[in-house]
There are 2 protein chains.
Amino acid sequence: MAERADVIVVGGGPAGMTAASRVKRFRRNWRVVVFERSKYVSYAPCGLPYYLGGYADSIEELVHYPLRVFTEERGLEVYTKTEVVEAGEGYVRARFKDGSEKTFEWDKLLIATGARPRVPRVPGTDLEGVLTLRTLESGEEAEKVLNGAERIAIVGAGYIGLEVADNLARRGKKVLVVEMLPHVMPTLDPDMASVVEEELVRNGVELHLNEALREIAGSGKVEKIVTDKSEYRADAVFLATGVAPETTLADMLGVKKGATGAVSVDASMRTSHENVFAAGDVAEALNLVTGKPDWFPLAPVANKMGYVAGASLAGFEESFPGAVGTAITKVFGLEVARTGLTEERARKEGFDPVSVTITANSRASYYPGASQITVKLIADRSTGQLLGAQIIGGEGVLARINTLATLVAMRATVRDAFFSDLAYAPPFAPVWDPVIVAARVLLGKISGH
Amino acid sequence: MAERADVIVVGGGPAGMTAASRVKRFRRNWRVVVFERSKYVSYAPCGLPYYLGGYADSIEELVHYPLRVFTEERGLEVYTKTEVVEAGEGYVRARFKDGSEKTFEWDKLLIATGARPRVPRVPGTDLEGVLTLRTLESGEEAEKVLNGAERIAIVGAGYIGLEVADNLARRGKKVLVVEMLPHVMPTLDPDMASVVEEELVRNGVELHLNEALREIAGSGKVEKIVTDKSEYRADAVFLATGVAPETTLADMLGVKKGATGAVSVDASMRTSHENVFAAGDVAEALNLVTGKPDWFPLAPVANKMGYVAGASLAGFEESFPGAVGTAITKVFGLEVARTGLTEERARKEGFDPVSVTITANSRASYYPGASQITVKLIADRSTGQLLGAQIIGGEGVLARINTLATLVAMRATVRDAFFSDLAYAPPFAPVWDPVIVAARVLLGKISGH
């Protein structure tokens, strides 16, 4: 016998739990059921590298709210370790942790299945000691493997790869990073990425760029990795070669996907199916700079999409304006952040990008803790619209990237950025904040003065 | 015989030197003359409390650029220790440091005379040991007096008063603060000011609110201060009872002043006189929230006004959009910042203010350095327009206030603030940034969900 639910949410990550909680806020009497594949809900996978670095005492610290909050306080019905094995018009079939199955009929369904690690198609990815990071369980498994590993190979030099590299090097491991592309961090322009590369090498990371993984080899257990150029001994291998939207459920339901491969949604998070919504890393979002659908697999975006989806599922009007792809990370002594389009991407999108890169103090030069901060600003030459920014510095990067992210999202011009009324006092900033200095120089470059 | 100059700039502070330098950038052949009363130009008086706290090794560290940069590299003619003793249509008369005088005729003149400390009209302000902070010389004098002083009374609990209190207490002085108003920091709402008051007291500052200075007493030299309620022994007294625009020159020239008492200017920094401009702390600026002229005696605003005045003096089109009054300071272990209107001021300006105050973590809770951050957000109930924000926290306040200052200046709504695409990673912020949390709660309060 099939059960009935007003709303089914598939995926108990940030987007799913935010949406489910919000539905109950609007509709106290609705039955809202959540299925989550792993044993945790409301987790923050972005914390996993820091868990491996020893910052969190237990994996539970990466959970925002314990399950009890959702079930007892918010009135949700949550099934963990539960997979959706079949789905179609108005129903899903779930397989629970005990292996039993049940069919649920729904009025509305939310796809919040997130993203999954992309695993390169090379021999040996199933060897013992080959790791990916996504679920909290994958973090627990990695921790076990790492205890007995001396030399770790990380494949892929995006955020997760470099955060793992930093955290493992701090733990005294010998770290090797292999990246297929000519630079680390493809969300930065090459000039800024080079600064990060120097920092990695300075801190003892063995960095191999322009090198593609061909094989992971070993008898039963990882012993080495083989690239198109060489081979390296390794006791464990992290595959950090990016993520892809987890669209298995979306495909079962036949909802439309966009050019990015993620599920296509409107501003209310509705898919091509009237009663099916999608939010979080599985869904596309509007890029506020290009005005086109884009894919931002980032937790803050996922949360806000969940917030909007919650209202929409409950039948209230809400819309997600979009995002600009703001992100920050720490690579040893450097804070590294970006927002909007890179110069290269801006050119591809048909803008006429002009950029400047300046270096300034993060605080009054005499104040303790002051350090250098480098700001790259990118704008469109003809309109002066701010298209993106990249910042690297010893401290104070969050303040500057959030200011610029806000300006980019509001479609501000370089002139607006220059006239921003930012806070000043010697312990916090120089009187001309690095953001203002960069805008002033870029304004000069555009206007010729 | 009178000399001729294309542009005369009176005042060598941030606004004056920025403007003068910019004129020369546009007009290499113009004669640009600067008169400065003190012996320094391009100085940052905001650094004086930190100089007294021992952060800067010498007073020269508060000078942005040495005089040589302006004269040799930028081609300006700068007279320090020089006062304008007379001014009228097309001329000024300057008295140089050697006592000689000369008349200069000008085509265009910039009033960049800044602000002067307000000195309360009570007996004893001329005693030895009574100090104000404005020029760098006043900082040098204070340093001399403080060396022999144990117990310091500070009259006035605005930014400068509290920054001096913090820096002197750190040096081991016994510090007493007397404030006439019921709370410290009148640019904060009372609820937020109370948090600062607790921090002062916790750090050993003797705080007397609702108490007005009546007299400074002593034989030749300060011995005590007398208030309307009591009297306190003191070896030195800081008068930090605010500043007023220094309009002596403006009055000589007969230019119009606004309701704030500062010089009235248009967006190009032009006064009521076609060829006379004003910039910096002597001039008004548009308040972007109220849409009315206001007075923001803050260095970053002064600099940008100088930038605009420089273009205008050179005959180029430039306009200053206005400001929102963003400021930040450090009071012992607290970072304290504000932007836009307080709730009280918003009400006076005819808005229907609604506010929320939330407390959240500055970083992921498990990440070292995380501390609590309290955000008060104020918006207009009917339009949702963000009117102002106040933030107090152990760290991470700059990032949040600059984001909100940017939103307030762009006339964003609470909804825009909620959907801001801010950066997240455990070492920098929680996944729901405190700004977003505050906006979400305020959005709920406005919409009823």
# chains A, B, ... in the order shown; residues from 1 in each chain; ligands from 1
call {"tool": "interface_residues", "arguments": {"of": "chain B", "to": "chain A", "cutoff": "6 Å", "atoms": "only C-alpha atoms", "output": "list of chain:residue names"}}
result
B:Ala56, B:Pro300, B:Ala323, B:Thr326, B:Ala327, B:Ile328, B:Tyr366, B:Leu398, B:Ala399, B:Asn402, B:Thr403, B:Asp421, B:Leu422, B:Ala423, B:Val431
call {"tool": "write_last_selection", "arguments": {"atoms": "N, CA and C atoms", "output": "PDB file, in the first residue's frame"}}
result
ATOM      1  N   ALA B  56      52.527  53.322  16.592  1.00  0.00           N
ATOM      2  CA  ALA B  56      53.399  53.935  15.597  1.00  0.00           C
ATOM      3  C   ALA B  56      54.669  54.394  16.313  1.00  0.00           C
ATOM      4  N   PRO B 300      37.665  58.773   4.791  1.00  0.00           N
ATOM      5  CA  PRO B 300      37.432  58.232   3.449  1.00  0.00           C
ATOM      6  C   PRO B 300      36.501  59.108   2.612  1.00  0.00           C
ATOM      7  N   ALA B 323      27.286  59.778   0.715  1.00  0.00           N
ATOM      8  CA  ALA B 323      27.849  58.821   1.668  1.00  0.00           C
ATOM      9  C   ALA B 323      26.750  58.312   2.586  1.00  0.00           C
ATOM     10  N   THR B 326      29.635  55.385   7.093  1.00  0.00           N
ATOM     11  CA  THR B 326      30.180  54.119   7.577  1.00  0.00           C
ATOM     12  C   THR B 326      31.396  54.389   8.465  1.00  0.00           C
ATOM     13  N   ALA B 327      31.445  53.729   9.623  1.00  0.00           N
ATOM     14  CA  ALA B 327      32.595  53.916  10.511  1.00  0.00           C
ATOM     15  C   ALA B 327      32.828  52.654  11.306  1.00  0.00           C
ATOM     16  N   ILE B 328      34.069  52.463  11.710  1.00  0.00           N
ATOM     17  CA  ILE B 328      34.428  51.281  12.506  1.00  0.00           C
ATOM     18  C   ILE B 328      35.439  51.701  13.558  1.00  0.00           C
ATOM     19  N   TYR B 366      33.795  25.492  14.890  1.00  0.00           N
ATOM     20  CA  TYR B 366      34.957  24.709  15.313  1.00  0.00           C
ATOM     21  C   TYR B 366      36.263  25.342  14.862  1.00  0.00           C
ATOM     22  N   LEU B 398      34.544  44.036  10.023  1.00  0.00           N
ATOM     23  CA  LEU B 398      34.772  44.836   8.810  1.00  0.00           C
ATOM     24  C   LEU B 398      34.048  44.237   7.607  1.00  0.00           C
ATOM     25  N   ALA B 399      34.157  42.906   7.449  1.00  0.00           N
ATOM     26  CA  ALA B 399      33.531  42.258   6.293  1.00  0.00           C
ATOM     27  C   ALA B 399      32.032  42.515   6.280  1.00  0.00           C
ATOM     28  N   ASN B 402      31.086  46.434   5.752  1.00  0.00           N
ATOM     29  CA  ASN B 402      31.309  46.923   4.389  1.00  0.00           C
ATOM     30  C   ASN B 402      30.280  46.358   3.421  1.00  0.00           C
ATOM     31  N   THR B 403      29.867  45.124   3.639  1.00  0.00           N
ATOM     32  CA  THR B 403      28.806  44.543   2.818  1.00  0.00           C
ATOM     33  C   THR B 403      27.518  45.347   3.002  1.00  0.00           C
ATOM     34  N   ASP B 421      25.342  37.348  -2.388  1.00  0.00           N
ATOM     35  CA  ASP B 421      26.151  36.151  -2.643  1.00  0.00           C
ATOM     36  C   ASP B 421      27.504  36.319  -1.932  1.00  0.00           C
ATOM     37  N   LEU B 422      27.500  36.069  -0.626  1.00  0.00           N
ATOM     38  CA  LEU B 422      28.701  36.279   0.184  1.00  0.00           C
ATOM     39  C   LEU B 422      29.552  35.012   0.240  1.00  0.00           C
ATOM     40  N   ALA B 423      30.828  35.229   0.476  1.00  0.00           N
ATOM     41  CA  ALA B 423      31.781  34.118   0.467  1.00  0.00           C
ATOM     42  C   ALA B 423      31.650  33.268   1.719  1.00  0.00           C
ATOM     43  N   VAL B 431      28.107  29.053   7.128  1.00  0.00           N
ATOM     44  CA  VAL B 431      27.489  28.957   5.801  1.00  0.00           C
ATOM     45  C   VAL B 431      26.353  29.970   5.636  1.00  0.00           C
TER      46      VAL B 431
END
call {"tool": "select_by_dssp", "arguments": {"residues": "stretch 44-255 of chain B", "states": "strand (DSSP E)", "output": "PyMOL selection string"}}
result
chain B and resi 77-79+83-88+91-95+101-111+115-117+130-131+151-155+174-178+206-208+213-217+224-227+231-233+236-239+243-245
call {"tool": "closest_atom_pairs", "arguments": {"of": "stretch 171-256 of chain A", "to": "stretch 345-361 of chain A", "cutoff": "10 Å", "atoms": "only C-alpha atoms", "output": "tab-separated table"}}
result
residue	atom	partner	partner_atom	distance
A:Thr187	CA	A:Arg345	CA	9.3
A:Asp189	CA	A:Arg345	CA	9.1
A:Asp191	CA	A:Thr357	CA	9.5
A:Met192	CA	A:Thr357	CA	9.2
call {"tool": "residues_around", "arguments": {"residues": "B:Ser219", "least_positions_apart": "4", "cutoff": "10 Å", "atoms": "only C-alpha atoms", "output": "short mmCIF file (atom, residue, chain, number, x, y, z; two decimals) with N, CA, C and O atoms, in the first residue's frame"}}
result
data_model
loop_
_atom_site.label_atom_id
_atom_site.label_comp_id
_atom_site.auth_asym_id
_atom_site.auth_seq_id
_atom_site.Cartn_x
_atom_site.Cartn_y
_atom_site.Cartn_z
N GLY B 124 38.97 76.73 32.74
CA GLY B 124 40.10 75.83 32.92
C GLY B 124 40.59 75.11 31.68
O GLY B 124 41.55 74.34 31.74
N LEU B 127 44.35 75.40 30.96
CA LEU B 127 45.37 74.90 31.90
C LEU B 127 46.35 73.98 31.19
O LEU B 127 46.01 73.33 30.20
N GLU B 128 47.53 73.87 31.73
CA GLU B 128 48.52 72.92 31.22
C GLU B 128 47.99 71.50 31.48
O GLU B 128 47.46 71.22 32.56
N GLU B 223 44.48 69.59 37.81
CA GLU B 223 44.50 68.75 39.01
C GLU B 223 43.22 67.92 39.15
O GLU B 223 43.25 66.82 39.66
#
call {"tool": "residues_around", "arguments": {"residues": "B:Val33", "least_positions_apart": "3", "cutoff": "9 Å", "atoms": "only C-alpha atoms", "output": "PyMOL selection string"}}
result
chain B and resi 5-10+20+76-79
call {"tool": "closest_residue", "arguments": {"among": "B:Ala379, B:Val263, B:Ile216, B:Met252", "to": "B:Arg233", "atoms": "only C-alpha atoms"}}
result
B:Ile216
call {"tool": "atom_distance", "arguments": {"atom1": "atom CA of B:Glu163", "atom2": "atom CA of B:Leu334"}}
result
11.6 Å
call {"tool": "select_by_dssp", "arguments": {"residues": "stretch 342-444 of chain A", "states": "alpha helix (DSSP H)", "output": "JSON, numbers by chain"}}
result
{"A": [343, 344, 345, 346, 347, 348, 397, 398, 399, 400, 401, 402, 403, 404, 405, 406, 407, 408, 409, 414, 415, 416, 417, 418, 434, 435, 436, 437, 438, 439, 440, 441, 442, 443, 444]}
call {"tool": "residues_around", "arguments": {"residues": "B:Lys224", "least_positions_apart": "6", "cutoff": "8 Å", "atoms": "only C-alpha atoms", "output": "PyMOL selection string"}}
result
chain B and resi 216-218+231-235
call {"tool": "residues_around", "arguments": {"residues": "stretch 203-206 of chain B", "least_positions_apart": "5", "cutoff": "9 Å", "atoms": "only C-alpha atoms", "output": "PyMOL selection string"}}
result
chain B and resi 165-166+169+174-178+198+332
call {"tool": "atom_distance", "arguments": {"atom1": "atom CA of A:Gly156", "atom2": "atom CA of A:Val184"}}
result
8.1 Å
call {"tool": "residues_around", "arguments": {"residues": "B:Ser194", "least_positions_apart": "2", "cutoff": "12 Å", "atoms": "only C-alpha atoms", "output": "PDB file with N, CA, C and O atoms, in the first residue's frame"}}
result
ATOM      1  N   PRO B 182      23.316  60.009  27.796  1.00  0.00           N
ATOM      2  CA  PRO B 182      23.074  58.770  28.555  1.00  0.00           C
ATOM      3  C   PRO B 182      23.867  57.565  28.043  1.00  0.00           C
ATOM      4  O   PRO B 182      23.923  56.541  28.722  1.00  0.00           O
ATOM      5  N   HIS B 183      24.443  57.667  26.843  1.00  0.00           N
ATOM      6  CA  HIS B 183      25.195  56.532  26.298  1.00  0.00           C
ATOM      7  C   HIS B 183      26.461  56.977  25.585  1.00  0.00           C
ATOM      8  O   HIS B 183      26.541  58.104  25.096  1.00  0.00           O
ATOM      9  N   VAL B 184      27.419  56.062  25.480  1.00  0.00           N
ATOM     10  CA  VAL B 184      28.595  56.321  24.645  1.00  0.00           C
ATOM     11  C   VAL B 184      28.176  56.205  23.179  1.00  0.00           C
ATOM     12  O   VAL B 184      27.110  55.670  22.871  1.00  0.00           O
ATOM     13  N   MET B 185      29.007  56.706  22.291  1.00  0.00           N
ATOM     14  CA  MET B 185      28.825  56.563  20.840  1.00  0.00           C
ATOM     15  C   MET B 185      27.418  56.886  20.344  1.00  0.00           C
ATOM     16  O   MET B 185      26.626  55.976  20.041  1.00  0.00           O
ATOM     17  N   PRO B 186      27.124  58.152  20.214  1.00  0.00           N
ATOM     18  CA  PRO B 186      25.778  58.543  19.768  1.00  0.00           C
ATOM     19  C   PRO B 186      25.443  58.100  18.343  1.00  0.00           C
ATOM     20  O   PRO B 186      24.293  58.180  17.941  1.00  0.00           O
ATOM     21  N   LEU B 188      25.493  55.093  17.513  1.00  0.00           N
ATOM     22  CA  LEU B 188      24.856  53.774  17.698  1.00  0.00           C
ATOM     23  C   LEU B 188      23.526  53.977  18.403  1.00  0.00           C
ATOM     24  O   LEU B 188      23.347  54.941  19.148  1.00  0.00           O
ATOM     25  N   ASP B 189      22.616  53.045  18.224  1.00  0.00           N
ATOM     26  CA  ASP B 189      21.398  53.035  19.037  1.00  0.00           C
ATOM     27  C   ASP B 189      21.770  52.618  20.465  1.00  0.00           C
ATOM     28  O   ASP B 189      22.778  51.923  20.673  1.00  0.00           O
ATOM     29  N   PRO B 190      20.959  53.032  21.447  1.00  0.00           N
ATOM     30  CA  PRO B 190      21.288  52.757  22.857  1.00  0.00           C
ATOM     31  C   PRO B 190      21.539  51.277  23.166  1.00  0.00           C
ATOM     32  O   PRO B 190      22.437  50.950  23.943  1.00  0.00           O
ATOM     33  N   ASP B 191      20.763  50.365  22.556  1.00  0.00           N
ATOM     34  CA  ASP B 191      20.954  48.934  22.860  1.00  0.00           C
ATOM     35  C   ASP B 191      22.347  48.452  22.483  1.00  0.00           C
ATOM     36  O   ASP B 191      22.953  47.634  23.184  1.00  0.00           O
ATOM     37  N   MET B 192      22.862  48.955  21.360  1.00  0.00           N
ATOM     38  CA  MET B 192      24.195  48.540  20.932  1.00  0.00           C
ATOM     39  C   MET B 192      25.266  49.286  21.746  1.00  0.00           C
ATOM     40  O   MET B 192      26.305  48.715  22.089  1.00  0.00           O
ATOM     41  N   VAL B 196      29.011  48.270  24.332  1.00  0.00           N
ATOM     42  CA  VAL B 196      30.325  48.929  24.368  1.00  0.00           C
ATOM     43  C   VAL B 196      30.624  49.416  25.790  1.00  0.00           C
ATOM     44  O   VAL B 196      31.753  49.297  26.281  1.00  0.00           O
ATOM     45  N   GLU B 197      29.599  49.927  26.448  1.00  0.00           N
ATOM     46  CA  GLU B 197      29.791  50.418  27.825  1.00  0.00           C
ATOM     47  C   GLU B 197      30.265  49.295  28.754  1.00  0.00           C
ATOM     48  O   GLU B 197      31.189  49.473  29.552  1.00  0.00           O
ATOM     49  N   GLU B 198      29.639  48.121  28.607  1.00  0.00           N
ATOM     50  CA  GLU B 198      30.059  46.978  29.434  1.00  0.00           C
ATOM     51  C   GLU B 198      31.528  46.623  29.185  1.00  0.00           C
ATOM     52  O   GLU B 198      32.264  46.286  30.103  1.00  0.00           O
ATOM     53  N   GLU B 199      31.923  46.689  27.922  1.00  0.00           N
ATOM     54  CA  GLU B 199      33.308  46.348  27.570  1.00  0.00           C
ATOM     55  C   GLU B 199      34.287  47.349  28.191  1.00  0.00           C
ATOM     56  O   GLU B 199      35.368  46.963  28.641  1.00  0.00           O
ATOM     57  N   LEU B 200      33.912  48.621  28.212  1.00  0.00           N
ATOM     58  CA  LEU B 200      34.772  49.643  28.816  1.00  0.00           C
ATOM     59  C   LEU B 200      34.960  49.358  30.299  1.00  0.00           C
ATOM     60  O   LEU B 200      36.083  49.357  30.816  1.00  0.00           O
ATOM     61  N   VAL B 201      33.857  49.104  30.955  1.00  0.00           N
ATOM     62  CA  VAL B 201      33.900  48.882  32.404  1.00  0.00           C
ATOM     63  C   VAL B 201      34.686  47.605  32.714  1.00  0.00           C
ATOM     64  O   VAL B 201      35.528  47.569  33.608  1.00  0.00           O
ATOM     65  N   LEU B 207      33.609  54.830  33.975  1.00  0.00           N
ATOM     66  CA  LEU B 207      32.712  55.465  33.016  1.00  0.00           C
ATOM     67  C   LEU B 207      31.610  56.233  33.725  1.00  0.00           C
ATOM     68  O   LEU B 207      30.904  55.680  34.565  1.00  0.00           O
ATOM     69  N   LEU B 209      28.351  58.351  32.785  1.00  0.00           N
ATOM     70  CA  LEU B 209      27.404  58.818  31.762  1.00  0.00           C
ATOM     71  C   LEU B 209      26.476  59.855  32.381  1.00  0.00           C
ATOM     72  O   LEU B 209      26.413  59.993  33.601  1.00  0.00           O
ATOM     73  N   VAL B 336      33.603  47.495  16.648  1.00  0.00           N
ATOM     74  CA  VAL B 336      32.299  48.175  16.673  1.00  0.00           C
ATOM     75  C   VAL B 336      32.151  48.981  15.382  1.00  0.00           C
ATOM     76  O   VAL B 336      33.033  49.775  15.061  1.00  0.00           O
ATOM     77  N   ILE B 392      28.649  44.618  16.322  1.00  0.00           N
ATOM     78  CA  ILE B 392      29.657  44.506  17.376  1.00  0.00           C
ATOM     79  C   ILE B 392      30.089  43.049  17.452  1.00  0.00           C
ATOM     80  O   ILE B 392      29.243  42.153  17.489  1.00  0.00           O
TER      81      ILE B 392
END
